[in-house]
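Structure file protein_4.pdb; described as PDB, C-alpha atoms and all ligand atoms.
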ATOM      1  CA  MET A   1      54.727 110.697  53.505
ATOM      2  CA  THR A   2      55.040 107.137  54.803
ATOM      3  CA  ILE A   3      52.080 105.105  55.994
ATOM      4  CA  LEU A   4      52.709 103.409  59.347
ATOM      5  CA  ASP A   5      51.303 100.046  58.347
ATOM      6  CA  GLY A   6      49.889  98.532  61.525
ATOM      7  CA  LYS A   7      48.381  95.596  59.687
ATOM      8  CA  LYS A   8      51.714  94.536  58.188
ATOM      9  CA  THR A   9      53.649  95.154  61.419
ATOM     10  CA  SER A  10      51.073  93.287  63.511
ATOM     11  CA  ASN A  11      51.316  90.337  61.102
ATOM     12  CA  GLU A  12      55.095  90.283  61.628
ATOM     13  CA  ILE A  13      54.571  90.260  65.408
ATOM     14  CA  LYS A  14      51.967  87.506  65.130
ATOM     15  CA  GLU A  15      54.430  85.416  63.096
ATOM     16  CA  GLU A  16      57.048  85.884  65.824
ATOM     17  CA  ILE A  17      54.500  84.781  68.438
ATOM     18  CA  ALA A  18      53.441  81.782  66.320
ATOM     19  CA  ASP A  19      57.131  80.735  66.132
ATOM     20  CA  ASN A  20      57.246  80.805  69.951
ATOM     21  CA  VAL A  21      54.082  78.715  70.153
ATOM     22  CA  ASN A  22      55.466  76.168  67.670
ATOM     23  CA  ALA A  23      58.597  75.841  69.817
ATOM     24  CA  MET A  24      56.367  75.253  72.889
ATOM     25  CA  VAL A  25      54.398  72.562  71.047
ATOM     26  CA  LYS A  26      57.626  70.842  69.939
ATOM     27  CA  LYS A  27      58.761  70.718  73.552
ATOM     28  CA  GLY A  28      55.401  69.234  74.569
ATOM     29  CA  GLU A  29      54.454  72.339  76.580
ATOM     30  CA  ARG A  30      50.947  73.713  77.033
ATOM     31  CA  VAL A  31      50.155  76.587  74.631
ATOM     32  CA  PRO A  32      49.022  80.021  75.970
ATOM     33  CA  HIS A  33      45.296  80.300  76.726
ATOM     34  CA  LEU A  34      43.484  83.666  76.625
ATOM     35  CA  ALA A  35      39.912  84.127  77.839
ATOM     36  CA  ALA A  36      37.688  87.121  77.077
ATOM     37  CA  ILE A  37      34.480  88.163  78.792
ATOM     38  CA  LEU A  38      31.985  90.142  76.748
ATOM     39  CA  VAL A  39      28.946  91.566  78.543
ATOM     40  CA  GLY A  40      26.055  92.571  76.281
ATOM     41  CA  SER A  41      25.936  92.879  72.510
ATOM     42  CA  ASP A  42      27.483  96.262  71.674
ATOM     43  CA  GLY A  43      28.389  96.031  67.969
ATOM     44  CA  ALA A  44      31.891  97.496  68.231
ATOM     45  CA  SER A  45      32.779  95.423  71.313
ATOM     46  CA  MET A  46      31.604  92.231  69.600
ATOM     47  CA  THR A  47      33.780  93.064  66.585
ATOM     48  CA  TYR A  48      36.843  93.677  68.787
ATOM     49  CA  VAL A  49      36.416  90.554  70.908
ATOM     50  CA  ASN A  50      35.838  88.355  67.869
ATOM     51  CA  ALA A  51      38.992  89.783  66.294
ATOM     52  CA  LYS A  52      40.933  88.926  69.474
ATOM     53  CA  VAL A  53      39.644  85.332  69.474
ATOM     54  CA  LYS A  54      40.461  84.976  65.763
ATOM     55  CA  ALA A  55      43.982  86.292  66.373
ATOM     56  CA  CYS A  56      44.476  83.651  69.121
ATOM     57  CA  LYS A  57      43.603  80.885  66.655
ATOM     58  CA  ARG A  58      45.982  82.325  64.102
ATOM     59  CA  VAL A  59      49.040  82.170  66.399
ATOM     60  CA  GLY A  60      48.103  78.781  67.894
ATOM     61  CA  PHE A  61      46.797  79.976  71.284
ATOM     62  CA  ASP A  62      43.820  78.393  72.985
ATOM     63  CA  SER A  63      40.988  80.856  73.579
ATOM     64  CA  THR A  64      37.709  80.966  75.471
ATOM     65  CA  LEU A  65      34.984  83.516  74.841
ATOM     66  CA  ILE A  66      32.496  84.040  77.656
ATOM     67  CA  GLU A  67      29.423  85.914  76.464
ATOM     68  CA  LEU A  68      27.121  87.281  79.168
ATOM     69  CA  PRO A  69      23.767  89.038  78.680
ATOM     70  CA  GLU A  70      23.388  92.839  78.921
ATOM     71  CA  TYR A  71      21.435  92.486  82.209
ATOM     72  CA  THR A  72      24.292  90.575  83.965
ATOM     73  CA  THR A  73      24.700  91.719  87.578
ATOM     74  CA  GLU A  74      27.985  92.929  89.002
ATOM     75  CA  GLU A  75      27.932  89.990  91.407
ATOM     76  CA  ASP A  76      27.601  87.448  88.576
ATOM     77  CA  LEU A  77      30.426  89.081  86.626
ATOM     78  CA  LEU A  78      32.685  89.123  89.697
ATOM     79  CA  GLU A  79      31.969  85.410  90.162
ATOM     80  CA  LYS A  80      33.013  84.677  86.552
ATOM     81  CA  ILE A  81      36.205  86.691  87.119
ATOM     82  CA  ASN A  82      36.936  84.686  90.241
ATOM     83  CA  ASP A  83      36.499  81.454  88.245
ATOM     84  CA  LEU A  84      39.055  82.640  85.685
ATOM     85  CA  ASN A  85      41.436  83.872  88.410
ATOM     86  CA  THR A  86      41.573  80.370  89.877
ATOM     87  CA  ASN A  87      41.341  78.335  86.657
ATOM     88  CA  VAL A  88      44.875  76.934  86.142
ATOM     89  CA  ALA A  89      44.231  76.358  82.424
ATOM     90  CA  ILE A  90      43.823  80.119  81.779
ATOM     91  CA  ASP A  91      47.022  82.201  81.480
ATOM     92  CA  GLY A  92      45.383  85.576  80.987
ATOM     93  CA  PHE A  93      41.977  87.134  80.436
ATOM     94  CA  ILE A  94      40.287  90.402  79.592
ATOM     95  CA  VAL A  95      36.912  91.945  80.326
ATOM     96  CA  GLN A  96      35.909  93.925  77.253
ATOM     97  CA  LEU A  97      35.017  97.550  78.036
ATOM     98  CA  PRO A  98      32.723  99.449  78.219
ATOM     99  CA  LEU A  99      30.452  97.582  80.646
ATOM    100  CA  PRO A 100      26.694  98.153  81.139
ATOM    101  CA  ASP A 101      25.737 100.923  83.614
ATOM    102  CA  GLN A 102      24.735  98.564  86.469
ATOM    103  CA  ILE A 103      28.346  97.322  86.715
ATOM    104  CA  ASP A 104      31.132  99.315  88.393
ATOM    105  CA  GLU A 105      34.054  99.131  85.974
ATOM    106  CA  GLN A 106      36.707  99.935  88.581
ATOM    107  CA  LYS A 107      35.443  97.205  90.910
ATOM    108  CA  VAL A 108      35.606  94.710  88.045
ATOM    109  CA  LEU A 109      39.138  95.653  86.987
ATOM    110  CA  MET A 110      40.314  95.415  90.591
ATOM    111  CA  ALA A 111      38.914  91.885  90.878
ATOM    112  CA  ILE A 112      41.193  90.555  88.120
ATOM    113  CA  ASN A 113      44.294  88.712  89.353
ATOM    114  CA  PRO A 114      47.143  91.110  88.334
ATOM    115  CA  ASP A 115      49.183  88.099  87.117
ATOM    116  CA  LYS A 116      46.428  87.300  84.587
ATOM    117  CA  ASP A 117      45.593  90.938  83.720
ATOM    118  CA  VAL A 118      46.899  90.903  80.141
ATOM    119  CA  ASP A 119      45.116  94.230  79.436
ATOM    120  CA  GLY A 120      47.319  95.854  82.111
ATOM    121  CA  PHE A 121      44.317  97.705  83.625
ATOM    122  CA  HIS A 122      44.600  96.565  87.274
ATOM    123  CA  PRO A 123      45.891  99.351  89.599
ATOM    124  CA  VAL A 124      48.869  97.156  90.537
ATOM    125  CA  ASN A 125      49.889  96.878  86.893
ATOM    126  CA  VAL A 126      49.209 100.576  86.205
ATOM    127  CA  GLY A 127      51.458 101.383  89.182
ATOM    128  CA  ARG A 128      54.154  99.013  87.965
ATOM    129  CA  MET A 129      53.997 100.663  84.522
ATOM    130  CA  ALA A 130      54.312 104.140  86.061
ATOM    131  CA  LEU A 131      57.372 102.977  88.029
ATOM    132  CA  ASP A 132      58.864 101.303  84.929
ATOM    133  CA  LEU A 133      58.791  97.846  86.572
ATOM    134  CA  PRO A 134      58.130  94.631  84.596
ATOM    135  CA  THR A 135      54.363  94.373  83.938
ATOM    136  CA  PHE A 136      51.711  93.942  81.264
ATOM    137  CA  LEU A 137      51.641  97.211  79.325
ATOM    138  CA  PRO A 138      48.163  98.248  78.130
ATOM    139  CA  ALA A 139      47.860  96.926  74.594
ATOM    140  CA  THR A 140      47.086 100.112  72.646
ATOM    141  CA  PRO A 141      49.934 102.285  74.028
ATOM    142  CA  TYR A 142      52.231  99.233  73.871
ATOM    143  CA  GLY A 143      51.303  98.765  70.201
ATOM    144  CA  ILE A 144      52.028 102.416  69.440
ATOM    145  CA  MET A 145      55.461 102.192  71.125
ATOM    146  CA  GLU A 146      56.198  99.058  69.094
ATOM    147  CA  LEU A 147      55.104 100.722  65.837
ATOM    148  CA  LEU A 148      57.319 103.772  66.486
ATOM    149  CA  GLU A 149      60.241 101.502  67.357
ATOM    150  CA  ARG A 150      59.897  99.210  64.346
ATOM    151  CA  TYR A 151      59.690 102.197  61.972
ATOM    152  CA  GLN A 152      62.734 103.647  63.773
ATOM    153  CA  ILE A 153      61.018 106.949  64.472
ATOM    154  CA  GLU A 154      63.170 109.101  66.757
ATOM    155  CA  THR A 155      61.301 110.094  69.905
ATOM    156  CA  SER A 156      64.183 111.162  72.172
ATOM    157  CA  GLY A 157      63.879 114.865  73.008
ATOM    158  CA  LYS A 158      60.922 115.287  70.626
ATOM    159  CA  ASN A 159      57.791 117.254  71.454
ATOM    160  CA  VAL A 160      54.985 114.716  71.749
ATOM    161  CA  VAL A 161      51.405 115.866  72.173
ATOM    162  CA  VAL A 162      49.000 113.219  73.483
ATOM    163  CA  MET A 163      45.398 114.226  72.807
ATOM    164  CA  GLY A 164      43.189 112.542  75.418
ATOM    165  CA  ARG A 165      43.658 111.399  79.018
ATOM    166  CA  SER A 166      41.733 108.103  79.099
ATOM    167  CA  HIS A 167      42.909 105.333  81.404
ATOM    168  CA  ILE A 168      43.228 102.975  78.430
ATOM    169  CA  VAL A 169      45.195 105.137  75.998
ATOM    170  CA  GLY A 170      46.032 108.790  76.717
ATOM    171  CA  ARG A 171      47.266 108.518  80.316
ATOM    172  CA  PRO A 172      49.487 105.416  79.869
ATOM    173  CA  MET A 173      50.758 106.747  76.523
ATOM    174  CA  SER A 174      51.914 109.979  78.149
ATOM    175  CA  ILE A 175      53.691 108.043  80.920
ATOM    176  CA  LEU A 176      55.432 105.591  78.589
ATOM    177  CA  MET A 177      56.686 108.202  76.129
ATOM    178  CA  SER A 178      58.190 110.314  78.911
ATOM    179  CA  GLN A 179      60.092 107.332  80.369
ATOM    180  CA  LYS A 180      63.689 106.438  79.668
ATOM    181  CA  ARG A 181      62.998 103.605  77.227
ATOM    182  CA  LYS A 182      62.810 102.695  73.542
ATOM    183  CA  ALA A 183      60.298 105.040  71.834
ATOM    184  CA  GLY A 184      60.460 107.149  75.008
ATOM    185  CA  ASP A 185      62.610 110.028  76.301
ATOM    186  CA  ALA A 186      60.147 112.497  74.775
ATOM    187  CA  THR A 187      58.908 115.825  76.123
ATOM    188  CA  VAL A 188      55.223 115.052  76.555
ATOM    189  CA  THR A 189      52.227 117.388  76.690
ATOM    190  CA  VAL A 190      48.747 116.019  77.409
ATOM    191  CA  VAL A 191      45.791 117.960  76.024
ATOM    192  CA  HIS A 192      42.125 117.218  76.696
ATOM    193  CA  SER A 193      38.601 118.603  76.464
ATOM    194  CA  ARG A 194      39.403 121.508  78.855
ATOM    195  CA  SER A 195      42.652 122.546  77.128
ATOM    196  CA  LYS A 196      42.783 126.065  75.715
ATOM    197  CA  ASN A 197      44.408 127.178  72.452
ATOM    198  CA  LEU A 198      44.732 123.590  71.332
ATOM    199  CA  ALA A 199      46.046 124.376  67.842
ATOM    200  CA  ASP A 200      48.901 126.467  69.315
ATOM    201  CA  ILE A 201      50.016 123.342  71.186
ATOM    202  CA  THR A 202      49.508 120.788  68.412
ATOM    203  CA  LYS A 203      51.350 123.015  65.914
ATOM    204  CA  LYS A 204      54.498 122.677  68.013
ATOM    205  CA  ALA A 205      54.329 118.875  68.128
ATOM    206  CA  ASP A 206      56.838 116.616  66.379
ATOM    207  CA  ILE A 207      54.620 113.625  67.143
ATOM    208  CA  ILE A 208      50.862 113.649  67.858
ATOM    209  CA  VAL A 209      48.920 110.753  69.385
ATOM    210  CA  ALA A 210      45.236 111.516  68.760
ATOM    211  CA  ALA A 211      42.954 109.640  71.179
ATOM    212  CA  ILE A 212      40.015 111.927  71.933
ATOM    213  CA  GLY A 213      37.193 109.969  70.308
ATOM    214  CA  ILE A 214      35.940 112.791  68.059
ATOM    215  CA  SER A 215      36.061 111.817  64.402
ATOM    216  CA  GLU A 216      38.356 113.874  62.140
ATOM    217  CA  PHE A 217      38.992 116.443  64.890
ATOM    218  CA  LEU A 218      42.661 117.089  64.071
ATOM    219  CA  THR A 219      42.894 118.959  60.781
ATOM    220  CA  GLY A 220      45.792 120.005  58.549
ATOM    221  CA  ASP A 221      45.840 123.605  59.821
ATOM    222  CA  MET A 222      46.527 122.335  63.377
ATOM    223  CA  VAL A 223      49.840 120.578  62.597
ATOM    224  CA  LYS A 224      53.297 121.520  61.358
ATOM    225  CA  GLU A 225      55.141 120.116  58.335
ATOM    226  CA  ASP A 226      56.728 116.659  58.814
ATOM    227  CA  VAL A 227      54.718 115.828  61.929
ATOM    228  CA  VAL A 228      54.365 112.121  62.850
ATOM    229  CA  ILE A 229      50.695 111.187  63.354
ATOM    230  CA  ILE A 230      49.341 108.292  65.390
ATOM    231  CA  ASP A 231      45.559 108.074  65.067
ATOM    232  CA  VAL A 232      43.912 105.974  67.790
ATOM    233  CA  GLY A 233      40.319 106.976  67.004
ATOM    234  CA  ILE A 234      37.883 104.706  65.256
ATOM    235  CA  THR A 235      34.306 105.879  64.753
ATOM    236  CA  ARG A 236      31.530 104.807  62.414
ATOM    237  CA  VAL A 237      30.537 107.797  60.281
ATOM    238  CA  PRO A 238      27.327 107.575  58.181
ATOM    239  CA  ASP A 239      28.207 107.252  54.474
ATOM    240  CA  ALA A 240      25.448 106.647  51.935
ATOM    241  CA  THR A 241      27.981 105.572  49.283
ATOM    242  CA  LYS A 242      28.940 102.493  51.344
ATOM    243  CA  LYS A 243      27.002  99.235  51.197
ATOM    244  CA  ASN A 244      26.811  98.983  55.008
ATOM    245  CA  GLY A 245      25.880 102.680  55.326
ATOM    246  CA  TYR A 246      28.999 103.822  57.160
ATOM    247  CA  ARG A 247      32.756 104.283  56.901
ATOM    248  CA  LEU A 248      35.387 104.127  59.629
ATOM    249  CA  ALA A 249      37.032 107.444  60.536
ATOM    250  CA  GLY A 250      39.848 108.243  62.926
ATOM    251  CA  ASP A 251      40.354 111.291  65.168
ATOM    252  CA  VAL A 252      42.494 112.739  62.382
ATOM    253  CA  HIS A 253      41.237 114.352  59.176
ATOM    254  CA  PHE A 254      43.433 112.118  57.025
ATOM    255  CA  GLU A 255      43.172 114.039  53.754
ATOM    256  CA  SER A 256      44.435 117.372  55.095
ATOM    257  CA  VAL A 257      46.854 116.082  57.760
ATOM    258  CA  SER A 258      48.543 113.460  55.544
ATOM    259  CA  LYS A 259      49.596 116.257  53.152
ATOM    260  CA  LYS A 260      51.860 117.647  55.888
ATOM    261  CA  ALA A 261      52.837 114.503  57.799
ATOM    262  CA  SER A 262      56.102 112.585  57.433
ATOM    263  CA  TYR A 263      54.477 109.424  58.867
ATOM    264  CA  ILE A 264      50.821 108.673  59.546
ATOM    265  CA  THR A 265      48.763 105.671  60.689
ATOM    266  CA  PRO A 266      45.679 104.871  58.566
ATOM    267  CA  VAL A 267      42.236 104.052  60.005
ATOM    268  CA  PRO A 268      41.561 101.179  59.755
ATOM    269  CA  GLY A 269      44.852  99.274  59.508
ATOM    270  CA  GLY A 270      46.991 101.393  61.850
ATOM    271  CA  VAL A 271      46.775 101.240  65.629
ATOM    272  CA  GLY A 272      43.865  98.727  65.806
ATOM    273  CA  PRO A 273      45.738  95.637  64.568
ATOM    274  CA  MET A 274      48.725  96.574  66.759
ATOM    275  CA  THR A 275      46.501  96.521  69.869
ATOM    276  CA  ILE A 276      45.493  92.926  69.154
ATOM    277  CA  ALA A 277      49.080  91.831  68.471
ATOM    278  CA  MET A 278      50.251  93.277  71.809
ATOM    279  CA  LEU A 279      47.428  91.558  73.693
ATOM    280  CA  LEU A 280      48.770  88.291  72.266
ATOM    281  CA  LYS A 281      52.285  89.285  73.297
ATOM    282  CA  ASN A 282      51.088  89.911  76.861
ATOM    283  CA  THR A 283      49.324  86.538  76.884
ATOM    284  CA  LEU A 284      52.529  84.817  75.766
ATOM    285  CA  LEU A 285      54.357  86.643  78.556
ATOM    286  CA  ALA A 286      51.710  85.529  81.088
ATOM    287  CA  ARG A 287      52.164  81.915  79.934
ATOM    288  CA  GLU A 288      55.970  82.156  80.140
ATOM    289  CA  ARG A 289      55.784  83.608  83.655
ATOM    290  CA  ARG A 290      53.768  80.703  85.034
TER     291      ARG A 290
HETATM  292  N1  LIG B 301      37.717  98.611  75.048
HETATM  293  C1  LIG B 301      38.404  99.417  74.212
HETATM  294  N2  LIG B 301      39.704  99.068  74.184
HETATM  295  C2  LIG B 301      39.849  98.025  75.032
HETATM  296  C3  LIG B 301      40.965  97.228  75.421
HETATM  297  O1  LIG B 301      42.109  97.419  75.008
HETATM  298  N3  LIG B 301      40.682  96.236  76.331
HETATM  299  C4  LIG B 301      39.421  96.011  76.812
HETATM  300  N4  LIG B 301      39.270  95.025  77.686
HETATM  301  N5  LIG B 301      38.385  96.737  76.472
HETATM  302  C5  LIG B 301      38.597  97.731  75.573
END
Show me the file's structure as structure tokens.
Amino acid sequence: MTILDGKKTSNEIKEEIADNVNAMVKKGERVPHLAAILVGSDGASMTYVNAKVKACKRVGFDSTLIELPEYTTEEDLLEKINDLNTNVAIDGFIVQLPLPDQIDEQKVLMAINPDKDVDGFHPVNVGRMALDLPTFLPATPYGIMELLERYQIETSGKNVVVMGRSHIVGRPMSILMSQKRKAGDATVTVVHSRSKNLADITKKADIIVAAIGISEFLTGDMVKEDVVIIDVGITRVPDATKKNGYRLAGDVHFESVSKKASYITPVPGGVGPMTIAMLLKNTLLARERR
């Protein structure tokens, strides 16, 4: 069994990006600038956004964090988005999800200038992805494709089961892996909360992407020998033996599944760091395009 080391691979990608930034600086060019909007103080969202800002610093990008209170109105958020859309110093920006209930997420995503939408969530960019046109690929599926490619895992003609149909992970993942591309050309099945006889389907999979948001859902008896496992889940599970009172668990029951897997991503240190690296890659692309 080989661990798909997302931390190590993301560090390699960050070094490649930093080399690009150094070359820009040498030429006297402006470095990429990413902005992030965080509404409210959800613990997990704060952790993610802070990690994104820290990653910008590490590769030499400029970054701006805009923190808005939980009670922010949709109108105020749309105004901030408009500011960033027109601010020539900003190459790309993200609005961290989820948003508070009073704000319509779809309306917000549609307000982002597609040329600055480094999350790849705007309908224009989702459409471009589906048609295999140049675009910003959503960072988590992009990171998974990159991980599979760098570990030279064969996907062509393989049975891939994507567990979950979210707009951020499951849906784009299923589209990308079925396309004619690197880490693509797979036969893809999407399963979700209404799927029947789930284990019958997962047992036939050569590669499983677990993104259902239920901790340790996929267990060893649901997979075949030598399966490749990509675990997107990350949930805090109460654990009295830990100082902070919890541990991080994926959607995969690591102990039982890793015994059968040929490759598996750990949680943490698998998909998570790759997501951040690909957001940086999209920001570099946004800068280069302007
Ligand atoms: N929430 C969970 N994942 C993501 C992501 O990739 N981008 C944003 N903006 N919010 C998220």
message: Taking all atoms listed in the file into account, list the residues no farther than 10 Å from ligand LIG 301 (chain B), as a PyMOL selection string.
response: chain A and resi 36-38+44-45+48-49+93-99+109+117-121+138-141+168-169+272+275-276+278-279
Can you list what the PyMOL selection byres (((chain A and resi 263-270) around 6) and not hetatm) grabs from this structure, as a compact mmCIF listing (two decimals) with C-alpha atoms, in the coordinates of the input?
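Below is the file selection13.txt, written as the result:
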# COMPACT_ATOMS: atom_id res chain seq x y z
CA MET A 1 54.73 110.70 53.50
CA THR A 2 55.04 107.14 54.80
CA ILE A 3 52.08 105.10 55.99
CA LEU A 4 52.71 103.41 59.35
CA ASP A 5 51.30 100.05 58.35
CA GLY A 6 49.89 98.53 61.52
CA LYS A 7 48.38 95.60 59.69
CA VAL A 228 54.36 112.12 62.85
CA ILE A 229 50.70 111.19 63.35
CA ILE A 230 49.34 108.29 65.39
CA ASP A 231 45.56 108.07 65.07
CA GLY A 250 39.85 108.24 62.93
CA ALA A 261 52.84 114.50 57.80
CA SER A 262 56.10 112.58 57.43
CA VAL A 271 46.78 101.24 65.63
CA GLY A 272 43.86 98.73 65.81
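What the PyMOL selection byres (((chain A and resi 75-80) around 10) and not hetatm) matches in the given file is Ile37, Val39, Ile66, Leu68, Thr72, Thr73, Glu74, Ile81, Asn82, Asp83, Leu84, Asn85, Val95, Ile103, Lys107, Val108, Leu109, Met110, Ala111 and Ile112 of chain A.
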Could the residues in this selection be saved with C-alpha atoms as a short mmCIF file (atom, residue, chain, number, x, y, z; two decimals), in the coordinates of the input?
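Okay, again.cif is ready:
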data_model
loop_
_atom_site.label_atom_id
_atom_site.label_comp_id
_atom_site.auth_asym_id
_atom_site.auth_seq_id
_atom_site.Cartn_x
_atom_site.Cartn_y
_atom_site.Cartn_z
CA ILE A 37 34.48 88.16 78.79
CA VAL A 39 28.95 91.57 78.54
CA ILE A 66 32.50 84.04 77.66
CA LEU A 68 27.12 87.28 79.17
CA THR A 72 24.29 90.58 83.96
CA THR A 73 24.70 91.72 87.58
CA GLU A 74 27.98 92.93 89.00
CA ILE A 81 36.20 86.69 87.12
CA ASN A 82 36.94 84.69 90.24
CA ASP A 83 36.50 81.45 88.24
CA LEU A 84 39.06 82.64 85.68
CA ASN A 85 41.44 83.87 88.41
CA VAL A 95 36.91 91.94 80.33
CA ILE A 103 28.35 97.32 86.72
CA LYS A 107 35.44 97.20 90.91
CA VAL A 108 35.61 94.71 88.04
CA LEU A 109 39.14 95.65 86.99
CA MET A 110 40.31 95.42 90.59
CA ALA A 111 38.91 91.88 90.88
CA ILE A 112 41.19 90.56 88.12
#
task: Between CA of Ser258 (chain A) and CA of Gly143 (chain A), measure the distance and give it in Å to one decimal.
output: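 Here the two named atoms are 20.9 Å from each other.
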- request: Please write the residues picked by the PyMOL selection byres (((chain A and resi 285-290) around 8) and not hetatm) on this file as a ChimeraX atom specification.
  value: /A:31-33,91-92,115-116,118,281-284
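Taking CA of Val237 (chain A) as the reference point, CA of Phe254 (chain A) is found at 14.0 Å.
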query: Which neighbours of region 155-160 of chain A fall inside 6 Å, counting all atoms listed in the file, when residues of the same chain fewer than 5 positions from it are skipped, and could you give them as a PyMOL selection string?
result: chain A and resi 183-188+205-208
query: Using all atoms listed in the file, which residues sit within 8 Å of Gly233 (chain A) once same-chain residues fewer than 5 positions away are excluded, as a ChimeraX atom specification?
result: /A:210-215,249-252,267
query: Residues at most 7 Å from Val162 (chain A), counting all atoms listed in the file, excluding those fewer than 3 positions away in the same chain, as a list in words?
result: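 Non-adjacent residues within range: Gly170, Ser174, Thr189, Val190, Val191, Ile208, Val209 and Ala210 of chain A.
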- request: Choose the residue, out of A:Ser41, A:Gln179, A:Asp104, A:Gly245, that has the smallest atom-to-atom separation from Ala130 (chain A); count all atoms listed in the file.
  value: A:Gln179
task: Please tell me which residues are no farther than 12 Å from (28.1, 109.7, 60.1) in the file, counting all atoms listed in the file, and write them as a count of residues only.
output: 17
As JSON, please report the centre and edge lengths, rounded to one decimal in Å, of the axis-aligned box that holds all listed atoms of region 12-17 of chain A with 5 Å of padding on each of the six sides.
{"center_x": 54.5, "center_y": 87.5, "center_z": 65.0, "size_x": 15.1, "size_y": 15.5, "size_z": 16.8}
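Taking CA of Lys182 (chain A) and CA of Pro273 (chain A) as endpoints, the distance between them is 20.5 Å.
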Could you pull the residues within 7 Å of Thr219 (chain A), counting only C-alpha atoms, minus those fewer than 6 positions along the same chain, as a PDB file with C-alpha atoms, in the frame of the given file?
ATOM      1  CA  VAL A 252      42.494 112.739  62.382  1.00  0.00           C
ATOM      2  CA  HIS A 253      41.237 114.352  59.176  1.00  0.00           C
ATOM      3  CA  SER A 256      44.435 117.372  55.095  1.00  0.00           C
ATOM      4  CA  VAL A 257      46.854 116.082  57.760  1.00  0.00           C
TER       5      VAL A 257
END
task: May I have the protein, DNA and RNA residues with an atom at most 10 Å from (47.4, 124.1, 60.0), counting all atoms listed in the file in the file's coordinates, returned as a ChimeraX atom specification?
output: /A:199-200,202-203,218-225,256-257,260
For C-alpha atoms, please extract region 44-87 of chain A from the block and return it as a PDB file, in the first residue's frame.
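That gives us out-v2.pdb:
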ATOM      1  CA  ALA A  44     -13.472  25.202   9.800  1.00  0.00           C
ATOM      2  CA  SER A  45     -13.879  28.044   7.284  1.00  0.00           C
ATOM      3  CA  MET A  46     -11.520  30.261   9.289  1.00  0.00           C
ATOM      4  CA  THR A  47      -8.936  27.462   9.318  1.00  0.00           C
ATOM      5  CA  TYR A  48      -9.216  26.972   5.538  1.00  0.00           C
ATOM      6  CA  VAL A  49      -9.047  30.665   4.663  1.00  0.00           C
ATOM      7  CA  ASN A  50      -6.084  31.254   6.962  1.00  0.00           C
ATOM      8  CA  ALA A  51      -4.301  28.312   5.341  1.00  0.00           C
ATOM      9  CA  LYS A  52      -4.943  29.853   1.903  1.00  0.00           C
ATOM     10  CA  VAL A  53      -3.537  33.234   2.988  1.00  0.00           C
ATOM     11  CA  LYS A  54      -0.492  31.536   4.540  1.00  0.00           C
ATOM     12  CA  ALA A  55       0.101  29.578   1.327  1.00  0.00           C
ATOM     13  CA  CYS A  56       0.041  32.864  -0.667  1.00  0.00           C
ATOM     14  CA  LYS A  57       2.802  34.282   1.537  1.00  0.00           C
ATOM     15  CA  ARG A  58       4.839  31.130   1.120  1.00  0.00           C
ATOM     16  CA  VAL A  59       4.930  31.318  -2.702  1.00  0.00           C
ATOM     17  CA  GLY A  60       5.410  35.107  -2.790  1.00  0.00           C
ATOM     18  CA  PHE A  61       1.856  36.127  -3.770  1.00  0.00           C
ATOM     19  CA  ASP A  62       0.166  39.196  -2.364  1.00  0.00           C
ATOM     20  CA  SER A  63      -3.026  38.378  -0.472  1.00  0.00           C
ATOM     21  CA  THR A  64      -5.954  40.243   1.041  1.00  0.00           C
ATOM     22  CA  LEU A  65      -8.338  38.750   3.574  1.00  0.00           C
ATOM     23  CA  ILE A  66     -11.717  40.444   3.896  1.00  0.00           C
ATOM     24  CA  GLU A  67     -13.519  39.359   7.051  1.00  0.00           C
ATOM     25  CA  LEU A  68     -17.212  40.247   7.278  1.00  0.00           C
ATOM     26  CA  PRO A  69     -19.550  39.678  10.243  1.00  0.00           C
ATOM     27  CA  GLU A  70     -22.057  36.788  10.354  1.00  0.00           C
ATOM     28  CA  TYR A  71     -24.983  39.246   9.976  1.00  0.00           C
ATOM     29  CA  THR A  72     -23.638  40.693   6.661  1.00  0.00           C
ATOM     30  CA  THR A  73     -26.461  41.293   4.172  1.00  0.00           C
ATOM     31  CA  GLU A  74     -26.460  39.879   0.668  1.00  0.00           C
ATOM     32  CA  GLU A  75     -26.396  43.430  -0.679  1.00  0.00           C
ATOM     33  CA  ASP A  76     -23.254  44.316   1.302  1.00  0.00           C
ATOM     34  CA  LEU A  77     -21.503  41.139   0.166  1.00  0.00           C
ATOM     35  CA  LEU A  78     -22.428  41.787  -3.476  1.00  0.00           C
ATOM     36  CA  GLU A  79     -20.977  45.292  -3.126  1.00  0.00           C
ATOM     37  CA  LYS A  80     -17.670  43.877  -1.812  1.00  0.00           C
ATOM     38  CA  ILE A  81     -17.610  41.433  -4.743  1.00  0.00           C
ATOM     39  CA  ASN A  82     -18.160  44.290  -7.159  1.00  0.00           C
ATOM     40  CA  ASP A  83     -15.226  46.167  -5.578  1.00  0.00           C
ATOM     41  CA  LEU A  84     -12.954  43.163  -6.131  1.00  0.00           C
ATOM     42  CA  ASN A  85     -14.267  42.631  -9.680  1.00  0.00           C
ATOM     43  CA  THR A  86     -13.173  46.147 -10.615  1.00  0.00           C
ATOM     44  CA  ASN A  87     -10.014  46.404  -8.488  1.00  0.00           C
TER      45      ASN A  87
END
